[in-house]
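Trainee: Below is the file upload-v4.csv, with CSV, N, CA and C atoms.
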chain,number,residue,atom,x,y,z
Q,135,MET,N,11.4,-96.7,31.6
Q,135,MET,CA,11.6,-95.2,31.4
Q,135,MET,C,11.5,-94.6,32.8
Q,136,ARG,N,12.5,-93.7,33.1
Q,136,ARG,CA,12.5,-93.0,34.4
Q,136,ARG,C,11.9,-91.6,34.2
Q,137,PHE,N,10.9,-91.3,35.1
Q,137,PHE,CA,10.3,-90.0,35.0
Q,137,PHE,C,10.9,-89.1,36.1
Q,138,THR,N,12.1,-88.7,35.8
Q,138,THR,CA,12.8,-87.8,36.8
Q,138,THR,C,12.7,-86.4,36.3
Q,139,PHE,N,13.1,-85.5,37.1
Q,139,PHE,CA,13.2,-84.0,36.8
Q,139,PHE,C,14.5,-83.5,37.2
Q,140,SER,N,15.4,-83.4,36.3
Q,140,SER,CA,16.8,-83.0,36.7
Q,140,SER,C,17.1,-81.5,36.5
Q,141,LYS,N,18.2,-81.0,37.0
Q,141,LYS,CA,18.6,-79.6,36.9
Q,141,LYS,C,18.8,-79.2,35.5
Q,142,GLN,N,19.2,-80.2,34.6
Q,142,GLN,CA,19.5,-79.9,33.2
Q,142,GLN,C,18.2,-79.6,32.5
Q,143,GLU,N,17.0,-79.9,33.1
Q,143,GLU,CA,15.7,-79.6,32.4
Q,143,GLU,C,15.1,-78.3,32.9
Q,144,ILE,N,15.8,-77.5,33.6
Q,144,ILE,CA,15.2,-76.3,34.1
Q,144,ILE,C,16.0,-75.1,33.5
Q,145,LEU,N,15.3,-74.0,33.0
Q,145,LEU,CA,15.9,-72.8,32.6
Q,145,LEU,C,16.3,-72.1,33.9
Q,146,HIS,N,17.6,-71.7,34.0
Q,146,HIS,CA,18.1,-71.1,35.2
Q,146,HIS,C,18.3,-69.6,35.0
Q,147,TYR,N,18.9,-69.2,33.9
Q,147,TYR,CA,19.4,-67.8,33.8
Q,147,TYR,C,18.5,-66.8,33.1
Q,148,ASP,N,18.6,-65.6,33.5
Q,148,ASP,CA,17.8,-64.5,32.9
Q,148,ASP,C,18.0,-64.5,31.4
Q,149,ARG,N,19.2,-64.7,30.9
Q,149,ARG,CA,19.4,-64.6,29.4
Q,149,ARG,C,18.7,-65.8,28.7
Q,150,GLU,N,18.5,-66.9,29.3
Q,150,GLU,CA,17.7,-68.0,28.7
Q,150,GLU,C,16.2,-67.6,28.6
Q,151,PHE,N,15.7,-67.1,29.7
Q,151,PHE,CA,14.3,-66.6,29.7
Q,151,PHE,C,14.1,-65.5,28.6
Q,152,LYS,N,15.0,-64.6,28.6
Q,152,LYS,CA,14.9,-63.5,27.6
Q,152,LYS,C,14.9,-64.0,26.2
Q,153,ARG,N,15.8,-65.0,25.9
Q,153,ARG,CA,15.9,-65.5,24.6
Q,153,ARG,C,14.6,-66.2,24.2
Q,154,VAL,N,14.0,-66.9,25.1
Q,154,VAL,CA,12.7,-67.6,24.8
Q,154,VAL,C,11.6,-66.5,24.7
Q,155,PHE,N,11.6,-65.5,25.5
Q,155,PHE,CA,10.5,-64.4,25.4
Q,155,PHE,C,10.7,-63.7,24.0
Q,156,LYS,N,11.9,-63.5,23.6
Q,156,LYS,CA,12.1,-62.7,22.4
Q,156,LYS,C,11.9,-63.5,21.1
Q,157,ASN,N,12.3,-64.8,21.1
Q,157,ASN,CA,12.3,-65.5,19.9
Q,157,ASN,C,11.3,-66.7,19.8
Q,158,GLY,N,10.6,-66.9,21.0
Q,158,GLY,CA,9.7,-68.1,21.1
Q,158,GLY,C,8.3,-67.8,20.5
Q,159,LYS,N,7.7,-68.9,20.1
Q,159,LYS,CA,6.3,-68.9,19.7
Q,159,LYS,C,5.4,-68.7,20.9
Q,160,VAL,N,4.4,-67.8,20.8
Q,160,VAL,CA,3.6,-67.5,22.0
Q,160,VAL,C,2.2,-68.1,21.8
Q,161,LEU,N,1.7,-68.7,22.9
Q,161,LEU,CA,0.3,-69.2,23.0
Q,161,LEU,C,-0.3,-68.8,24.3
Q,162,ARG,N,-1.6,-68.4,24.2
Q,162,ARG,CA,-2.3,-67.9,25.4
Q,162,ARG,C,-3.5,-68.8,25.6
Q,163,SER,N,-3.8,-69.1,26.8
Q,163,SER,CA,-5.0,-69.9,27.1
Q,163,SER,C,-5.3,-69.7,28.6
Q,164,SER,N,-6.5,-69.3,28.9
Q,164,SER,CA,-7.1,-69.1,30.2
Q,164,SER,C,-6.1,-68.6,31.3
Q,165,GLY,N,-5.5,-67.5,31.0
Q,165,GLY,CA,-4.6,-66.9,32.0
Q,165,GLY,C,-3.2,-67.4,32.0
Q,166,ILE,N,-2.9,-68.4,31.2
Q,166,ILE,CA,-1.5,-68.9,31.0
Q,166,ILE,C,-1.0,-68.5,29.7
Q,167,ILE,N,0.3,-68.0,29.7
Q,167,ILE,CA,1.0,-67.7,28.4
Q,167,ILE,C,2.1,-68.7,28.3
Q,168,MET,N,2.3,-69.3,27.2
Q,168,MET,CA,3.4,-70.3,27.0
Q,168,MET,C,4.2,-69.8,25.8
Q,169,PHE,N,5.5,-69.8,26.1
Q,169,PHE,CA,6.5,-69.5,25.0
Q,169,PHE,C,7.3,-70.7,24.7
Q,170,ALA,N,7.4,-71.1,23.4
Q,170,ALA,CA,8.2,-72.3,23.0
Q,170,ALA,C,9.2,-71.8,22.0
Q,171,TYR,N,10.5,-72.1,22.3
Q,171,TYR,CA,11.6,-71.7,21.5
Q,171,TYR,C,12.4,-73.0,21.1
Q,172,GLN,N,12.6,-73.2,19.8
Q,172,GLN,CA,13.4,-74.3,19.4
Q,172,GLN,C,14.9,-73.9,19.3
Q,173,ARG,N,15.8,-74.5,20.1
Q,173,ARG,CA,17.2,-74.1,20.0
Q,173,ARG,C,17.8,-74.6,18.7
Q,174,ALA,N,18.5,-73.8,18.0
Q,174,ALA,CA,19.0,-74.2,16.7
Q,174,ALA,C,20.5,-74.0,16.5
Q,175,SER,N,21.2,-73.1,17.2
Q,175,SER,CA,22.6,-72.8,17.0
Q,175,SER,C,23.5,-73.9,17.6
Q,176,GLU,N,24.7,-74.0,17.1
Q,176,GLU,CA,25.6,-75.1,17.4
Q,176,GLU,C,25.9,-75.1,18.9
Q,177,ASP,N,26.2,-73.9,19.5
Q,177,ASP,CA,26.6,-73.9,20.9
Q,177,ASP,C,25.4,-74.3,21.8
Q,178,GLU,N,24.2,-74.2,21.4
Q,178,GLU,CA,23.0,-74.6,22.2
Q,178,GLU,C,22.7,-76.1,22.0
Q,179,GLN,N,23.3,-76.7,21.0
Q,179,GLN,CA,23.0,-78.1,20.7
Q,179,GLN,C,23.6,-79.0,21.7
Q,180,GLU,N,24.5,-78.5,22.6
Q,180,GLU,CA,25.1,-79.4,23.6
Q,180,GLU,C,24.0,-79.8,24.6
Q,181,ILE,N,22.9,-79.0,24.7
Q,181,ILE,CA,21.8,-79.4,25.6
Q,181,ILE,C,20.8,-80.2,24.7
Q,182,LYS,N,20.7,-81.5,24.9
Q,182,LYS,CA,19.9,-82.3,24.0
Q,182,LYS,C,18.4,-82.5,24.5
Q,183,ASN,N,18.1,-82.1,25.7
Q,183,ASN,CA,16.8,-82.4,26.2
Q,183,ASN,C,15.9,-81.1,26.2
Q,184,ILE,N,14.7,-81.3,26.5
Q,184,ILE,CA,13.7,-80.2,26.5
Q,184,ILE,C,13.8,-79.6,27.9
Q,185,ARG,N,13.7,-78.2,28.0
Q,185,ARG,CA,13.8,-77.5,29.3
Q,185,ARG,C,12.6,-76.7,29.5
Q,186,ILE,N,12.3,-76.4,30.8
Q,186,ILE,CA,11.1,-75.7,31.2
Q,186,ILE,C,11.5,-74.6,32.2
Q,187,GLY,N,10.8,-73.5,32.1
Q,187,GLY,CA,10.9,-72.4,33.0
Q,187,GLY,C,9.5,-72.0,33.4
Q,188,ILE,N,9.3,-71.5,34.6
Q,188,ILE,CA,8.0,-71.1,35.1
Q,188,ILE,C,8.1,-69.8,35.8
Q,189,ALA,N,7.4,-68.8,35.3
Q,189,ALA,CA,7.4,-67.4,35.9
Q,189,ALA,C,6.0,-67.1,36.3
Q,190,ILE,N,5.8,-66.8,37.6
Q,190,ILE,CA,4.4,-66.5,38.1
Q,190,ILE,C,4.5,-65.2,38.8
Q,191,SER,N,3.6,-64.3,38.4
Q,191,SER,CA,3.5,-63.0,39.1
Q,191,SER,C,2.8,-63.1,40.4
Q,192,ARG,N,3.1,-62.1,41.3
Q,192,ARG,CA,2.5,-62.1,42.6
Q,192,ARG,C,1.0,-61.8,42.5
Q,193,ARG,N,0.6,-61.2,41.5
Q,193,ARG,CA,-0.8,-60.9,41.3
Q,193,ARG,C,-1.7,-62.2,41.1
Q,194,SER,N,-1.0,-63.3,40.9
Q,194,SER,CA,-1.7,-64.6,40.7
Q,194,SER,C,-2.2,-65.2,42.0
Q,195,GLY,N,-1.8,-64.7,43.1
Q,195,GLY,CA,-2.2,-65.2,44.4
Q,195,GLY,C,-1.1,-65.3,45.4
Q,196,ILE,N,-1.5,-65.8,46.6
Q,196,ILE,CA,-0.5,-65.9,47.7
Q,196,ILE,C,0.5,-67.0,47.3
Q,197,ALA,N,1.6,-67.0,48.1
Q,197,ALA,CA,2.7,-67.9,47.8
Q,197,ALA,C,2.2,-69.4,47.8
Q,198,VAL,N,1.3,-69.8,48.6
Q,198,VAL,CA,0.9,-71.2,48.6
Q,198,VAL,C,0.2,-71.5,47.3
Q,199,ILE,N,-0.6,-70.6,46.7
Q,199,ILE,CA,-1.2,-70.9,45.4
Q,199,ILE,C,-0.2,-70.9,44.3
Q,200,ARG,N,0.7,-69.9,44.3
Q,200,ARG,CA,1.8,-69.8,43.3
Q,200,ARG,C,2.6,-71.1,43.3
Q,201,ASN,N,3.0,-71.5,44.5
Q,201,ASN,CA,3.9,-72.7,44.6
Q,201,ASN,C,3.2,-74.0,44.1
Q,202,ARG,N,1.9,-74.1,44.5
Q,202,ARG,CA,1.1,-75.2,44.1
Q,202,ARG,C,1.0,-75.3,42.5
Q,203,LEU,N,0.8,-74.2,41.9
Q,203,LEU,CA,0.7,-74.1,40.5
Q,203,LEU,C,2.0,-74.5,39.8
Q,204,LYS,N,3.1,-74.0,40.4
Q,204,LYS,CA,4.4,-74.4,39.8
Q,204,LYS,C,4.7,-75.9,40.0
Q,205,ARG,N,4.3,-76.4,41.1
Q,205,ARG,CA,4.5,-77.9,41.3
Q,205,ARG,C,3.7,-78.7,40.3
Q,206,ARG,N,2.4,-78.2,40.1
Q,206,ARG,CA,1.6,-78.9,39.1
Q,206,ARG,C,2.1,-78.9,37.7
Q,207,ILE,N,2.6,-77.7,37.3
Q,207,ILE,CA,3.1,-77.6,35.9
Q,207,ILE,C,4.4,-78.4,35.8
Q,208,ARG,N,5.2,-78.4,36.8
Q,208,ARG,CA,6.4,-79.3,36.8
Q,208,ARG,C,6.1,-80.7,36.7
Q,209,GLU,N,5.1,-81.1,37.4
Q,209,GLU,CA,4.6,-82.5,37.4
Q,209,GLU,C,4.1,-83.0,36.1
Q,210,ILE,N,3.3,-82.1,35.5
Q,210,ILE,CA,2.7,-82.4,34.1
Q,210,ILE,C,3.9,-82.6,33.2
Q,211,PHE,N,4.9,-81.7,33.2
Q,211,PHE,CA,6.0,-81.8,32.4
Q,211,PHE,C,6.8,-83.0,32.6
Q,212,ARG,N,7.1,-83.3,33.9
Q,212,ARG,CA,7.9,-84.5,34.3
Q,212,ARG,C,7.3,-85.8,33.8
Q,213,LEU,N,6.0,-85.9,33.9
Q,213,LEU,CA,5.3,-87.2,33.5
Q,213,LEU,C,5.1,-87.3,32.0
Q,214,ASN,N,5.2,-86.2,31.3
Q,214,ASN,CA,4.9,-86.3,29.8
Q,214,ASN,C,6.0,-85.8,28.9
Q,215,LYS,N,7.2,-85.5,29.5
Q,215,LYS,CA,8.3,-85.0,28.6
Q,215,LYS,C,8.7,-85.9,27.6
Q,216,HIS,N,8.5,-87.2,27.8
Q,216,HIS,CA,8.9,-88.2,26.8
Q,216,HIS,C,8.1,-88.1,25.5
Q,217,LEU,N,6.9,-87.4,25.6
Q,217,LEU,CA,6.1,-87.3,24.4
Q,217,LEU,C,6.5,-86.0,23.6
Q,218,LEU,N,7.3,-85.2,24.1
Q,218,LEU,CA,7.7,-83.9,23.5
Q,218,LEU,C,8.9,-84.0,22.7
Q,219,LYS,N,9.0,-83.1,21.7
Q,219,LYS,CA,10.2,-83.0,20.8
Q,219,LYS,C,11.4,-82.4,21.7
Q,220,GLN,N,12.6,-82.8,21.3
Q,220,GLN,CA,13.8,-82.4,22.0
Q,220,GLN,C,14.2,-81.0,21.5
Q,221,ASN,N,15.2,-80.4,22.1
Q,221,ASN,CA,15.8,-79.2,21.7
Q,221,ASN,C,14.9,-78.0,21.8
Q,222,PHE,N,13.9,-78.0,22.7
Q,222,PHE,CA,13.0,-76.9,22.9
Q,222,PHE,C,13.2,-76.4,24.3
Q,223,ASP,N,13.0,-75.1,24.4
Q,223,ASP,CA,12.8,-74.4,25.7
Q,223,ASP,C,11.4,-73.9,25.8
Q,224,ILE,N,10.7,-74.2,26.9
Q,224,ILE,CA,9.4,-73.8,27.2
Q,224,ILE,C,9.3,-73.0,28.4
Q,225,VAL,N,8.6,-71.8,28.3
Q,225,VAL,CA,8.4,-71.0,29.5
Q,225,VAL,C,6.9,-70.8,29.7
Q,226,PHE,N,6.4,-71.0,30.9
Q,226,PHE,CA,5.0,-70.7,31.3
Q,226,PHE,C,5.0,-69.4,32.1
Q,227,LEU,N,4.2,-68.5,31.6
Q,227,LEU,CA,4.2,-67.2,32.3
Q,227,LEU,C,2.7,-67.0,32.7
Q,228,ILE,N,2.6,-66.7,34.0
Q,228,ILE,CA,1.2,-66.5,34.6
Q,228,ILE,C,1.3,-65.1,35.3
Q,229,LYS,N,0.5,-64.2,34.7
Q,229,LYS,CA,0.5,-62.8,35.2
Q,229,LYS,C,-0.7,-62.5,36.1
Q,230,GLU,N,-1.7,-63.3,36.0
Q,230,GLU,CA,-2.9,-62.9,36.7
Q,230,GLU,C,-3.5,-64.1,37.4
Q,231,LYS,N,-4.5,-63.9,38.3
Q,231,LYS,CA,-5.1,-65.0,39.0
Q,231,LYS,C,-5.8,-65.9,38.1
Q,232,LEU,N,-5.6,-67.2,38.1
Q,232,LEU,CA,-6.3,-68.1,37.3
Q,232,LEU,C,-7.6,-68.6,37.8
Q,233,PRO,N,-8.5,-68.9,37.0
Q,233,PRO,CA,-9.7,-69.5,37.5
Q,233,PRO,C,-9.4,-70.8,38.2
Q,234,ALA,N,-10.2,-71.2,39.2
Q,234,ALA,CA,-9.9,-72.4,40.0
Q,234,ALA,C,-9.8,-73.6,39.0
Q,235,MET,N,-8.7,-74.3,39.0
Q,235,MET,CA,-8.4,-75.4,38.1
Q,235,MET,C,-7.9,-76.6,39.0
Q,236,ASN,N,-8.4,-77.7,38.7
Q,236,ASN,CA,-7.8,-78.9,39.4
Q,236,ASN,C,-6.7,-79.4,38.5
Q,237,PHE,N,-6.0,-80.5,38.9
Q,237,PHE,CA,-4.9,-81.0,38.2
Q,237,PHE,C,-5.2,-81.4,36.7
Q,238,GLU,N,-6.3,-82.1,36.6
Q,238,GLU,CA,-6.7,-82.5,35.2
Q,238,GLU,C,-7.0,-81.4,34.3
Q,239,GLU,N,-7.7,-80.4,34.8
Q,239,GLU,CA,-8.0,-79.2,33.9
Q,239,GLU,C,-6.8,-78.5,33.5
Q,240,LEU,N,-5.8,-78.3,34.4
Q,240,LEU,CA,-4.5,-77.7,34.1
Q,240,LEU,C,-3.8,-78.6,33.1
Q,241,LYS,N,-3.8,-79.9,33.3
Q,241,LYS,CA,-3.1,-80.8,32.4
Q,241,LYS,C,-3.7,-80.7,31.0
Q,242,ASN,N,-5.0,-80.6,30.9
Q,242,ASN,CA,-5.7,-80.5,29.6
Q,242,ASN,C,-5.3,-79.2,28.9
Q,243,THR,N,-5.2,-78.1,29.7
Q,243,THR,CA,-4.9,-76.8,29.2
Q,243,THR,C,-3.4,-76.8,28.6
Q,244,VAL,N,-2.5,-77.4,29.4
Q,244,VAL,CA,-1.1,-77.5,29.0
Q,244,VAL,C,-1.0,-78.4,27.7
Q,245,PHE,N,-1.7,-79.5,27.7
Q,245,PHE,CA,-1.6,-80.4,26.6
Q,245,PHE,C,-2.1,-79.7,25.3
Q,246,LEU,N,-3.2,-78.9,25.4
Q,246,LEU,CA,-3.8,-78.2,24.3
Q,246,LEU,C,-2.8,-77.1,23.8
Q,247,MET,N,-2.1,-76.5,24.7
Q,247,MET,CA,-1.0,-75.5,24.3
Q,247,MET,C,0.1,-76.2,23.6
Q,248,TRP,N,0.6,-77.4,24.1
Q,248,TRP,CA,1.6,-78.1,23.5
Q,248,TRP,C,1.2,-78.6,22.1
Q,249,LYS,N,0.0,-79.0,22.0
Q,249,LYS,CA,-0.5,-79.5,20.7
Q,249,LYS,C,-0.6,-78.4,19.7
Q,250,LYS,N,-1.1,-77.2,20.1
Q,250,LYS,CA,-1.1,-76.0,19.2
Q,250,LYS,C,0.2,-75.6,18.7
Q,251,SER,N,1.2,-75.7,19.6
Q,251,SER,CA,2.6,-75.3,19.2
Q,251,SER,C,3.4,-76.4,18.6
Q,252,ASP,N,2.7,-77.5,18.3
Q,252,ASP,CA,3.4,-78.7,17.6
Q,252,ASP,C,4.6,-79.2,18.4
Q,253,LEU,N,4.5,-79.3,19.7
Q,253,LEU,CA,5.6,-79.8,20.5
Q,253,LEU,C,5.6,-81.4,20.6
Q,254,PHE,N,4.5,-82.0,20.3
Q,254,PHE,CA,4.4,-83.4,20.5
Q,254,PHE,C,5.2,-84.2,19.5
Q,255,GLU,N,6.0,-85.1,19.9
Q,255,GLU,CA,6.7,-86.0,19.0
Q,255,GLU,C,5.9,-87.3,18.9
Q,256,ILE,N,5.4,-87.7,20.0
Q,256,ILE,CA,4.6,-88.9,20.1
Q,256,ILE,C,3.2,-88.5,20.5
Q,257,ARG,N,2.2,-89.0,19.8
Q,257,ARG,CA,0.8,-88.7,20.1
Q,257,ARG,C,0.4,-89.1,21.5
Q,258,PRO,N,-0.1,-88.2,22.4
Q,258,PRO,CA,-0.5,-88.6,23.7
Q,258,PRO,C,-1.7,-89.5,23.8
Q,259,GLU,N,-1.8,-90.4,24.7
Q,259,GLU,CA,-3.0,-91.2,24.9
Q,259,GLU,C,-4.0,-90.4,25.6
Q,260,ALA,N,-5.2,-90.4,25.2
Q,260,ALA,CA,-6.3,-89.6,25.8
Q,260,ALA,C,-6.9,-90.2,27.0
Taking this structure as input, can you express it in the form of structure tokens?

Mentor:
Amino acid sequence: MRFTFSKQEILHYDREFKRVFKNGKVLRSSGIIMFAYQRASEDEQEIKNIRIGIAISRRSGIAVIRNRLKRRIREIFRLNKHLLKQNFDIVFLIKEKLPAMNFEELKNTVFLMWKKSDLFEIRPEA
């Protein structure tokens, strides 16, 4: 199995983000808001994989911190996307400064949110 992160797995357009914000299931955890939207219409079925979008407010810290957080969320997604159901769009929204989290704490938070939103197709190993 290849753990790549391709352009087809990223939400690009404003209309895609708006659709997820409007129709998606919302979960909140320690400063992170996650929206999960299951694509259902025929024209959206052409995209068979799960996609991710990350939106971080400037209030969450300086550029170095915001970029590090985006890289970590993308890496968690890249390494674990094979465990998730297909035909979903996920958006992580961070509006405020997060408490200091290392990679494992962030991973546990993201996994908890995925579990609560029933996104796992395969049970993750602990």

Trainee: Can you pull out every residue from segment 148-207 of chain Q that DSSP, working from the backbone, puts in strand (DSSP E), and format the result as an MDAnalysis selection string?

Mentor: chainID Q and resid 159:163 166:172 185:190

Trainee: May I have the residues from that selection written out with N, CA and C atoms, as an mmCIF file, in the frame of the given file?

Mentor:
data_model
loop_
_atom_site.group_PDB
_atom_site.id
_atom_site.type_symbol
_atom_site.label_atom_id
_atom_site.label_comp_id
_atom_site.auth_asym_id
_atom_site.auth_seq_id
_atom_site.Cartn_x
_atom_site.Cartn_y
_atom_site.Cartn_z
ATOM 1 N N LYS Q 159 7.700 -68.900 20.100
ATOM 2 C CA LYS Q 159 6.300 -68.900 19.700
ATOM 3 C C LYS Q 159 5.400 -68.700 20.900
ATOM 4 N N VAL Q 160 4.400 -67.800 20.800
ATOM 5 C CA VAL Q 160 3.600 -67.500 22.000
ATOM 6 C C VAL Q 160 2.200 -68.100 21.800
ATOM 7 N N LEU Q 161 1.700 -68.700 22.900
ATOM 8 C CA LEU Q 161 0.300 -69.200 23.000
ATOM 9 C C LEU Q 161 -0.300 -68.800 24.300
ATOM 10 N N ARG Q 162 -1.600 -68.400 24.200
ATOM 11 C CA ARG Q 162 -2.300 -67.900 25.400
ATOM 12 C C ARG Q 162 -3.500 -68.800 25.600
ATOM 13 N N SER Q 163 -3.800 -69.100 26.800
ATOM 14 C CA SER Q 163 -5.000 -69.900 27.100
ATOM 15 C C SER Q 163 -5.300 -69.700 28.600
ATOM 16 N N ILE Q 166 -2.900 -68.400 31.200
ATOM 17 C CA ILE Q 166 -1.500 -68.900 31.000
ATOM 18 C C ILE Q 166 -1.000 -68.500 29.700
ATOM 19 N N ILE Q 167 0.300 -68.000 29.700
ATOM 20 C CA ILE Q 167 1.000 -67.700 28.400
ATOM 21 C C ILE Q 167 2.100 -68.700 28.300
ATOM 22 N N MET Q 168 2.300 -69.300 27.200
ATOM 23 C CA MET Q 168 3.400 -70.300 27.000
ATOM 24 C C MET Q 168 4.200 -69.800 25.800
ATOM 25 N N PHE Q 169 5.500 -69.800 26.100
ATOM 26 C CA PHE Q 169 6.500 -69.500 25.000
ATOM 27 C C PHE Q 169 7.300 -70.700 24.700
ATOM 28 N N ALA Q 170 7.400 -71.100 23.400
ATOM 29 C CA ALA Q 170 8.200 -72.300 23.000
ATOM 30 C C ALA Q 170 9.200 -71.800 22.000
ATOM 31 N N TYR Q 171 10.500 -72.100 22.300
ATOM 32 C CA TYR Q 171 11.600 -71.700 21.500
ATOM 33 C C TYR Q 171 12.400 -73.000 21.100
ATOM 34 N N GLN Q 172 12.600 -73.200 19.800
ATOM 35 C CA GLN Q 172 13.400 -74.300 19.400
ATOM 36 C C GLN Q 172 14.900 -73.900 19.300
ATOM 37 N N ARG Q 185 13.700 -78.200 28.000
ATOM 38 C CA ARG Q 185 13.800 -77.500 29.300
ATOM 39 C C ARG Q 185 12.600 -76.700 29.500
ATOM 40 N N ILE Q 186 12.300 -76.400 30.800
ATOM 41 C CA ILE Q 186 11.100 -75.700 31.200
ATOM 42 C C ILE Q 186 11.500 -74.600 32.200
ATOM 43 N N GLY Q 187 10.800 -73.500 32.100
ATOM 44 C CA GLY Q 187 10.900 -72.400 33.000
ATOM 45 C C GLY Q 187 9.500 -72.000 33.400
ATOM 46 N N ILE Q 188 9.300 -71.500 34.600
ATOM 47 C CA ILE Q 188 8.000 -71.100 35.100
ATOM 48 C C ILE Q 188 8.100 -69.800 35.800
ATOM 49 N N ALA Q 189 7.400 -68.800 35.300
ATOM 50 C CA ALA Q 189 7.400 -67.400 35.900
ATOM 51 C C ALA Q 189 6.000 -67.100 36.300
ATOM 52 N N ILE Q 190 5.800 -66.800 37.600
ATOM 53 C CA ILE Q 190 4.400 -66.500 38.100
ATOM 54 C C ILE Q 190 4.500 -65.200 38.800
#

Trainee: Quick one: which segment 173-254 of chain Q residues come within 12 Å of segment 160-165 of chain Q, and what is the nearest atom pair for each with the distance in Å to one decimal, counting only C-alpha atoms, rows ordered by chain and ascending number, as CSV?

Mentor:
residue,atom,partner,partner_atom,distance
Q:Ile190,CA,Q:Gly165,CA,10.9
Q:Ser191,CA,Q:Gly165,CA,11.5
Q:Arg193,CA,Q:Gly165,CA,11.7
Q:Ser194,CA,Q:Gly165,CA,9.5
Q:Ile224,CA,Q:Val160,CA,10.0
Q:Val225,CA,Q:Val160,CA,9.6
Q:Phe226,CA,Q:Leu161,CA,9.7
Q:Leu227,CA,Q:Gly165,CA,8.8
Q:Ile228,CA,Q:Gly165,CA,6.4
Q:Lys229,CA,Q:Gly165,CA,7.3
Q:Glu230,CA,Q:Gly165,CA,6.4
Q:Lys231,CA,Q:Gly165,CA,7.3
Q:Leu232,CA,Q:Gly165,CA,5.7
Q:Pro233,CA,Q:Ser164,CA,7.8
Q:Ala234,CA,Q:Ser164,CA,10.7
Q:Met235,CA,Q:Ser164,CA,10.2
Q:Glu239,CA,Q:Ser164,CA,10.8
Q:Leu240,CA,Q:Ser164,CA,9.8
Q:Asn242,CA,Q:Ser163,CA,10.9
Q:Thr243,CA,Q:Ser163,CA,7.2
Q:Val244,CA,Q:Ser163,CA,8.8
Q:Phe245,CA,Q:Ser163,CA,11.0
Q:Leu246,CA,Q:Ser163,CA,8.8
Q:Met247,CA,Q:Leu161,CA,6.6
Q:Trp248,CA,Q:Leu161,CA,9.0
Q:Lys249,CA,Q:Leu161,CA,10.6
Q:Lys250,CA,Q:Leu161,CA,7.9
Q:Ser251,CA,Q:Leu161,CA,7.5
Q:Asp252,CA,Q:Leu161,CA,11.4

Trainee: Counting only N, CA and C atoms, which residue out of Q:Asn157, Q:Lys241, Q:Gln142, Q:Ala170 sits closest to Ile207 of chain Q?

Mentor: Q:Lys241

Trainee: Take atom CA of Asn221 of chain Q and atom CA of Ile184 of chain Q and report the distance between them in Å, one decimal.

Mentor: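 Atom CA of Ile184 of chain Q lies 5.3 Å from atom CA of Asn221 of chain Q.
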
Trainee: Name the closest residue to Asp223 of chain Q among the candidates Q:Phe151, Q:Phe139, Q:Phe169, Q:Phe254; distances are taken between atoms, counting all atoms listed in the file.

Mentor: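 Of Q:Phe151, Q:Phe139, Q:Phe169, Q:Phe254, the one nearest Asp223 of chain Q is Q:Phe169, counting all atoms listed in the file.
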
Trainee: Given the block above, output segment 181-208 of chain Q with C-alpha atoms as a PDB file, in the first residue's frame.

Mentor:
ATOM      1  CA  ILE Q 181     -14.501  11.350  -7.073  1.00  0.00           C
ATOM      2  CA  LYS Q 182     -14.066   7.984  -5.371  1.00  0.00           C
ATOM      3  CA  ASN Q 183     -11.593   8.850  -2.653  1.00  0.00           C
ATOM      4  CA  ILE Q 184     -11.827  10.750   0.603  1.00  0.00           C
ATOM      5  CA  ARG Q 185     -10.768  14.400   0.488  1.00  0.00           C
ATOM      6  CA  ILE Q 186      -9.514  16.807   3.129  1.00  0.00           C
ATOM      7  CA  GLY Q 187      -9.471  20.558   3.580  1.00  0.00           C
ATOM      8  CA  ILE Q 188      -7.782  22.552   6.325  1.00  0.00           C
ATOM      9  CA  ALA Q 189      -8.715  26.124   7.272  1.00  0.00           C
ATOM     10  CA  ILE Q 190      -6.744  27.851  10.021  1.00  0.00           C
ATOM     11  CA  SER Q 191      -7.421  31.349  11.308  1.00  0.00           C
ATOM     12  CA  ARG Q 192      -4.612  33.825  11.875  1.00  0.00           C
ATOM     13  CA  ARG Q 193      -5.722  34.015  15.504  1.00  0.00           C
ATOM     14  CA  SER Q 194      -4.344  30.507  15.984  1.00  0.00           C
ATOM     15  CA  GLY Q 195      -0.740  31.749  15.891  1.00  0.00           C
ATOM     16  CA  ILE Q 196       2.083  32.889  13.691  1.00  0.00           C
ATOM     17  CA  ALA Q 197       2.624  31.363  10.234  1.00  0.00           C
ATOM     18  CA  VAL Q 198       5.179  28.845  11.492  1.00  0.00           C
ATOM     19  CA  ILE Q 199       2.688  27.409  13.989  1.00  0.00           C
ATOM     20  CA  ARG Q 200      -0.199  27.402  11.500  1.00  0.00           C
ATOM     21  CA  ASN Q 201       1.878  25.642   8.837  1.00  0.00           C
ATOM     22  CA  ARG Q 202       3.176  23.065  11.315  1.00  0.00           C
ATOM     23  CA  LEU Q 203      -0.377  22.292  12.358  1.00  0.00           C
ATOM     24  CA  LYS Q 204      -1.478  21.899   8.724  1.00  0.00           C
ATOM     25  CA  ARG Q 205       1.466  19.594   7.994  1.00  0.00           C
ATOM     26  CA  ARG Q 206       0.647  17.445  11.021  1.00  0.00           C
ATOM     27  CA  ILE Q 207      -3.036  17.122  10.118  1.00  0.00           C
ATOM     28  CA  ARG Q 208      -2.143  16.235   6.513  1.00  0.00           C
TER      29      ARG Q 208
END
